[in-house]
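> Provided below: my_file-v4.cif, containing mmCIF, C-alpha atoms and all ligand atoms.
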```cif
data_work
#
loop_
_atom_site.label_atom_id
_atom_site.label_comp_id
_atom_site.auth_asym_id
_atom_site.auth_seq_id
_atom_site.Cartn_x
_atom_site.Cartn_y
_atom_site.Cartn_z
CA MET A 507 -6.65 -7.75 21.25
CA SER A 508 -2.99 -7.38 20.35
CA GLN A 509 -1.97 -6.75 16.75
CA SER A 510 -0.03 -10.00 16.73
CA SER A 511 -3.11 -12.07 17.61
CA ILE A 512 -5.10 -10.27 14.89
CA PHE A 513 -2.35 -11.09 12.37
CA VAL A 514 -2.10 -14.71 13.53
CA ASP A 515 -5.86 -15.13 13.03
CA TYR A 516 -5.67 -13.38 9.66
CA LYS A 517 -2.75 -15.47 8.40
CA ASN A 518 -4.56 -18.64 9.52
CA ALA A 519 -7.74 -17.55 7.71
CA ILE A 520 -5.81 -16.85 4.50
CA ARG A 521 -4.11 -20.23 4.76
CA ALA A 522 -7.40 -22.06 5.38
CA ARG A 523 -8.78 -20.65 2.12
CA THR A 524 -5.59 -21.64 0.29
CA LEU A 525 -5.81 -25.19 1.65
CA ASP A 526 -9.44 -25.40 0.47
CA VAL A 527 -8.20 -24.67 -3.05
CA LEU A 528 -5.20 -27.02 -2.76
CA LYS A 529 -7.51 -29.92 -1.86
CA LYS A 530 -8.70 -29.69 -5.49
CA VAL A 531 -5.23 -30.03 -7.04
CA PRO A 532 -4.93 -33.32 -8.97
CA GLU A 533 -1.64 -35.01 -7.98
CA ASP A 534 -0.94 -35.93 -11.61
CA LYS A 535 -1.15 -32.26 -12.67
CA LEU A 536 1.59 -30.92 -10.37
CA ASN A 537 3.88 -30.28 -13.33
CA TRP A 538 1.19 -28.73 -15.51
CA ARG A 539 1.69 -25.11 -16.58
CA PRO A 540 -0.35 -23.00 -19.00
CA ALA A 541 2.76 -21.77 -20.87
CA PRO A 542 6.40 -22.95 -20.88
CA GLU A 543 7.77 -19.86 -19.13
CA LEU A 544 5.29 -20.00 -16.24
CA LEU A 545 5.57 -21.76 -12.90
CA SER A 546 3.84 -25.14 -12.78
CA LEU A 547 0.96 -25.78 -10.42
CA GLY A 548 3.31 -27.52 -7.98
CA GLN A 549 5.91 -24.76 -8.27
CA LEU A 550 3.29 -22.14 -7.38
CA ILE A 551 2.46 -24.08 -4.22
CA HIS A 552 6.16 -24.40 -3.37
CA HIS A 553 6.71 -20.70 -3.97
CA ILE A 554 4.07 -19.71 -1.37
CA GLY A 555 5.97 -21.67 1.29
CA GLN A 556 9.35 -20.36 0.16
CA ALA A 557 8.15 -16.78 0.50
CA ASP A 558 6.95 -17.41 4.06
CA MET A 559 10.27 -19.08 4.88
CA ALA A 560 12.47 -16.38 3.35
CA TRP A 561 10.57 -13.44 4.84
CA THR A 562 10.50 -15.12 8.25
CA LYS A 563 14.31 -15.14 8.04
CA VAL A 564 14.29 -11.42 7.26
CA LEU A 565 11.84 -10.69 10.09
CA SER A 566 13.91 -12.74 12.53
CA GLY A 567 17.11 -10.93 11.57
CA ASP A 568 18.73 -14.08 10.09
CA TRP A 569 18.80 -12.44 6.66
CA GLU A 570 19.42 -8.78 5.86
CA LEU A 571 16.76 -7.19 3.66
CA GLU A 572 19.10 -5.66 1.06
CA PRO A 573 21.08 -8.78 0.04
CA PHE A 574 17.88 -10.81 0.19
CA LEU A 575 16.11 -8.47 -2.26
CA ASP A 576 19.18 -8.39 -4.53
CA LEU A 577 19.32 -12.18 -4.54
CA ARG A 578 15.57 -12.49 -5.10
CA ARG A 579 15.71 -10.16 -8.11
CA SER A 580 18.51 -12.15 -9.70
CA MET A 581 16.80 -15.52 -9.23
CA ASP A 582 15.03 -17.46 -11.94
CA LEU A 583 12.19 -19.00 -9.94
CA LEU A 584 11.69 -21.83 -12.42
CA GLU A 585 15.30 -22.90 -11.91
CA VAL A 586 15.45 -22.33 -8.16
CA ILE A 587 12.28 -24.28 -7.40
CA GLY A 588 13.02 -27.12 -9.81
CA GLU A 589 10.56 -29.93 -10.37
CA VAL A 590 7.93 -30.56 -7.71
CA GLU A 591 7.22 -34.23 -7.17
CA SER A 592 4.78 -34.72 -4.33
CA LEU A 593 1.70 -32.79 -3.29
CA THR A 594 1.92 -34.33 0.19
CA GLU A 595 5.48 -33.06 0.62
CA GLU A 596 4.49 -29.61 -0.61
CA LEU A 597 1.58 -29.46 1.83
CA GLU A 598 3.89 -30.52 4.68
CA GLY A 599 6.41 -27.86 3.68
CA LEU A 600 3.70 -25.21 3.53
CA GLU A 601 2.57 -26.09 7.03
CA ILE A 602 6.11 -25.91 8.46
CA THR A 603 6.90 -22.48 7.00
CA HIS A 604 3.43 -21.17 7.92
CA GLN A 605 3.94 -22.26 11.54
CA GLU A 606 7.42 -20.70 11.66
CA LEU A 607 5.97 -17.38 10.55
CA LEU A 608 3.07 -17.65 13.01
CA LYS A 609 5.56 -18.32 15.80
CA TRP A 610 7.46 -15.14 14.90
CA ILE A 611 4.26 -13.05 14.68
CA ALA A 612 2.89 -14.38 17.99
CA ALA A 613 6.08 -13.36 19.81
CA GLN A 614 5.88 -9.70 18.73
CA SER A 615 4.47 -6.83 20.74
CA ASP A 616 2.58 -4.09 18.90
CA GLU A 617 5.73 -1.94 19.07
CA GLU A 618 7.96 -4.72 17.75
CA LEU A 619 5.70 -5.11 14.71
CA GLU A 620 6.56 -1.49 13.87
CA LYS A 621 10.27 -2.28 13.62
CA VAL A 622 11.61 -0.90 10.32
CA TYR A 623 13.59 -3.06 7.89
CA GLU A 624 15.60 -1.11 5.34
CA GLY A 625 17.11 -2.21 2.06
CA ALA A 626 17.27 -1.50 -1.65
CA GLY A 627 15.93 2.00 -1.09
CA ARG A 628 12.85 0.75 0.74
CA LYS A 629 11.65 0.86 4.31
CA VAL A 630 9.09 -1.64 5.50
CA THR A 631 7.82 -2.52 8.95
CA GLY A 632 7.34 -6.06 10.22
CA ARG A 633 3.61 -5.43 9.96
CA ASP A 634 4.00 -4.45 6.27
CA ILE A 635 5.89 -7.68 5.60
CA VAL A 636 3.26 -9.85 7.32
CA LEU A 637 0.43 -8.14 5.42
CA GLY A 638 2.48 -8.40 2.23
CA LEU A 639 2.86 -12.14 2.72
CA CYS A 640 -0.91 -12.49 3.16
CA GLU A 641 -1.41 -10.53 -0.06
CA HIS A 642 1.27 -12.63 -1.77
CA GLU A 643 -0.44 -15.88 -0.82
CA SER A 644 -3.84 -14.59 -1.94
CA HIS A 645 -2.34 -13.49 -5.26
CA HIS A 646 -0.86 -16.92 -5.93
CA ARG A 647 -4.01 -18.68 -4.68
CA GLY A 648 -5.84 -16.74 -7.40
CA GLN A 649 -3.34 -18.00 -9.97
CA ILE A 650 -3.83 -21.57 -8.74
CA VAL A 651 -7.61 -21.16 -9.07
CA THR A 652 -7.09 -19.97 -12.65
CA TYR A 653 -4.88 -23.00 -13.40
CA LEU A 654 -7.55 -25.29 -11.93
CA ARG A 655 -10.22 -23.66 -14.07
CA LEU A 656 -8.06 -24.24 -17.15
CA LEU A 657 -7.78 -27.89 -16.08
CA ASN A 658 -11.56 -28.08 -15.71
CA VAL A 659 -11.33 -28.64 -11.96
CA ALA A 660 -14.18 -26.98 -10.05
CA ASP A 661 -12.80 -24.44 -7.56
CA PRO A 662 -14.37 -23.75 -4.18
CA GLN A 663 -16.78 -20.85 -4.21
CA PRO A 664 -15.22 -17.71 -2.71
CA TRP A 665 -17.94 -17.42 -0.03
CA GLY A 666 -17.12 -20.91 1.23
CA PHE A 667 -20.28 -22.85 0.36
NI NI B 1 5.32 -14.59 -5.67
#
```
Could you write out this file's structure as structure tokens?


Amino acid sequence: MSQSSIFVDYKNAIRARTLDVLKKVPEDKLNWRPAPELLSLGQLIHHIGQADMAWTKVLSGDWELEPFLDLRRSMDLLEVIGEVESLTEELEGLEITHQELLKWIAAQSDEELEKVYEGAGRKVTGRDIVLGLCEHESHHRGQIVTYLRLLNVADPQPWGF
């Protein structure tokens, strides 16, 4: 089994668990946040898709790593994301950016996944970035689960039943 097919399966499995959680998000709570300085529930969902989109651009060579990291560090996520209005639109956006990343992963040989991207004093391989995105999504899924608990919405059990 090639590394790319392992990563495609892994990314799909991570996403399936995220979608299980997102099914529980009440549409009328998209703009809810536990504190004023934190991303809202809808903004967290949007952010997962934005990360997939942005890193796919880095992986594809459309964006250079260094300016991307500089820009990312200077961004205020609350401002950049803005208000999120529709759960359906967010779910559609998530699917599009997820598929774009899967398309990139599926096209890579094992050697291509080892390509090194350099910037801001760091060196990462394509494989590191893909694994990092899976970790990133899991991290924010955990935040979303916490938000749902604070809203008294039952979250899916981690073992899936
Ligand atoms: Ni993040």

> Ranking A:Leu584, A:Val622, A:Val659, A:Ile611 by minimum distance to Phe513 (chain A) and counting all atoms listed in the file, which one comes first?

A:Ile611

> Take CA of Pro532 (chain A) and CA of Gln649 (chain A) and report the distance between them in Å, one decimal.

15.4 Å

> The residues within 9 Å of (4.9, -9.2, 11.8), using all atoms listed in the file and the coordinates of the file, should be reported as an mmCIF file with C-alpha atoms, in the frame of the given file; which are they?


```
data_model
loop_
_atom_site.group_PDB
_atom_site.id
_atom_site.type_symbol
_atom_site.label_atom_id
_atom_site.label_comp_id
_atom_site.auth_asym_id
_atom_site.auth_seq_id
_atom_site.Cartn_x
_atom_site.Cartn_y
_atom_site.Cartn_z
ATOM 1 C CA GLN A 509 -1.970 -6.750 16.750
ATOM 2 C CA SER A 510 -0.030 -10.000 16.730
ATOM 3 C CA PHE A 513 -2.350 -11.090 12.370
ATOM 4 C CA THR A 562 10.500 -15.120 8.250
ATOM 5 C CA LEU A 565 11.840 -10.690 10.090
ATOM 6 C CA LEU A 607 5.970 -17.380 10.550
ATOM 7 C CA LEU A 608 3.070 -17.650 13.010
ATOM 8 C CA TRP A 610 7.460 -15.140 14.900
ATOM 9 C CA ILE A 611 4.260 -13.050 14.680
ATOM 10 C CA ALA A 612 2.890 -14.380 17.990
ATOM 11 C CA GLN A 614 5.880 -9.700 18.730
ATOM 12 C CA GLU A 618 7.960 -4.720 17.750
ATOM 13 C CA LEU A 619 5.700 -5.110 14.710
ATOM 14 C CA GLU A 620 6.560 -1.490 13.870
ATOM 15 C CA LYS A 621 10.270 -2.280 13.620
ATOM 16 C CA THR A 631 7.820 -2.520 8.950
ATOM 17 C CA GLY A 632 7.340 -6.060 10.220
ATOM 18 C CA ARG A 633 3.610 -5.430 9.960
ATOM 19 C CA ASP A 634 4.000 -4.450 6.270
ATOM 20 C CA ILE A 635 5.890 -7.680 5.600
ATOM 21 C CA VAL A 636 3.260 -9.850 7.320
ATOM 22 C CA LEU A 637 0.430 -8.140 5.420
#
```

> Enter the distance from CA of Ser644 (chain A) to CA of Val564 (chain A), in Å, rounded to one decimal.

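Separation of CA of Ser644 (chain A) and CA of Val564 (chain A): 20.6 Å.
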
> Work out how far CA of His604 (chain A) is from CA of Val590 (chain A), in Å to one decimal.

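Separation between CA of Val590 (chain A) and CA of His604 (chain A): 18.8 Å.
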
> Of the residues A:Gly625, A:Gly567, A:Pro540, A:Gly648, which is the one nearest to ligand NI 1 (chain B), using all atoms listed in the file?

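Answer, going by the shortest atom-to-atom distance: A:Gly648.
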
> Which is closest to ligand NI 1 (chain B) among A:Ile602, A:Ile554, A:Ala613, A:Leu656, if we use only C-alpha atoms and all ligand atoms?

A:Ile554

> Residues within 12 Å of ligand NI 1 (chain B), counting only C-alpha atoms and all ligand atoms: report them as a ChimeraX atom specification.

/A:544-545,549-558,560-561,578-579,582-584,638-650

> Out of A:Ala519, A:Ile512, A:Val651, A:Met559, which residue has the shortest atom-to-atom distance to Gln605 (chain A) when counting only C-alpha atoms?

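Checking each of A:Ala519, A:Ile512, A:Val651, A:Met559 against Gln605 (chain A), counting only C-alpha atoms, the winner is A:Met559.
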
> Pick out the closest residue to Leu525 (chain A) from this set: A:Glu543, A:Glu589, A:Glu596, A:Glu572. Count all atoms listed in the file.

A:Glu596

> With distances taken over all atoms listed in the file, which residue among A:Ser546, A:Lys609, A:Ile587, A:Leu600 lies nearest Ser566 (chain A)?

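Looking at the shortest contact to Ser566 (chain A), the residue is A:Lys609.
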
> As a list in words, please: the residues near Leu536 (chain A) (cut-off 6 Å, only C-alpha atoms, same-chain neighbours under 3 positions excluded).

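Near Leu536 (chain A), the qualifying residues are Glu533, Leu547 and Gly548 of chain A.
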
> With 3 Å on each side, where is the centre of the axis-aligned box around all listed atoms of region 616-633 of chain A, and how long are its edges in Å to one decimal, as JSON?


```
{"center_x": 9.9, "center_y": -2.0, "center_z": 8.7, "size_x": 20.7, "size_y": 14.1, "size_z": 26.7}
```
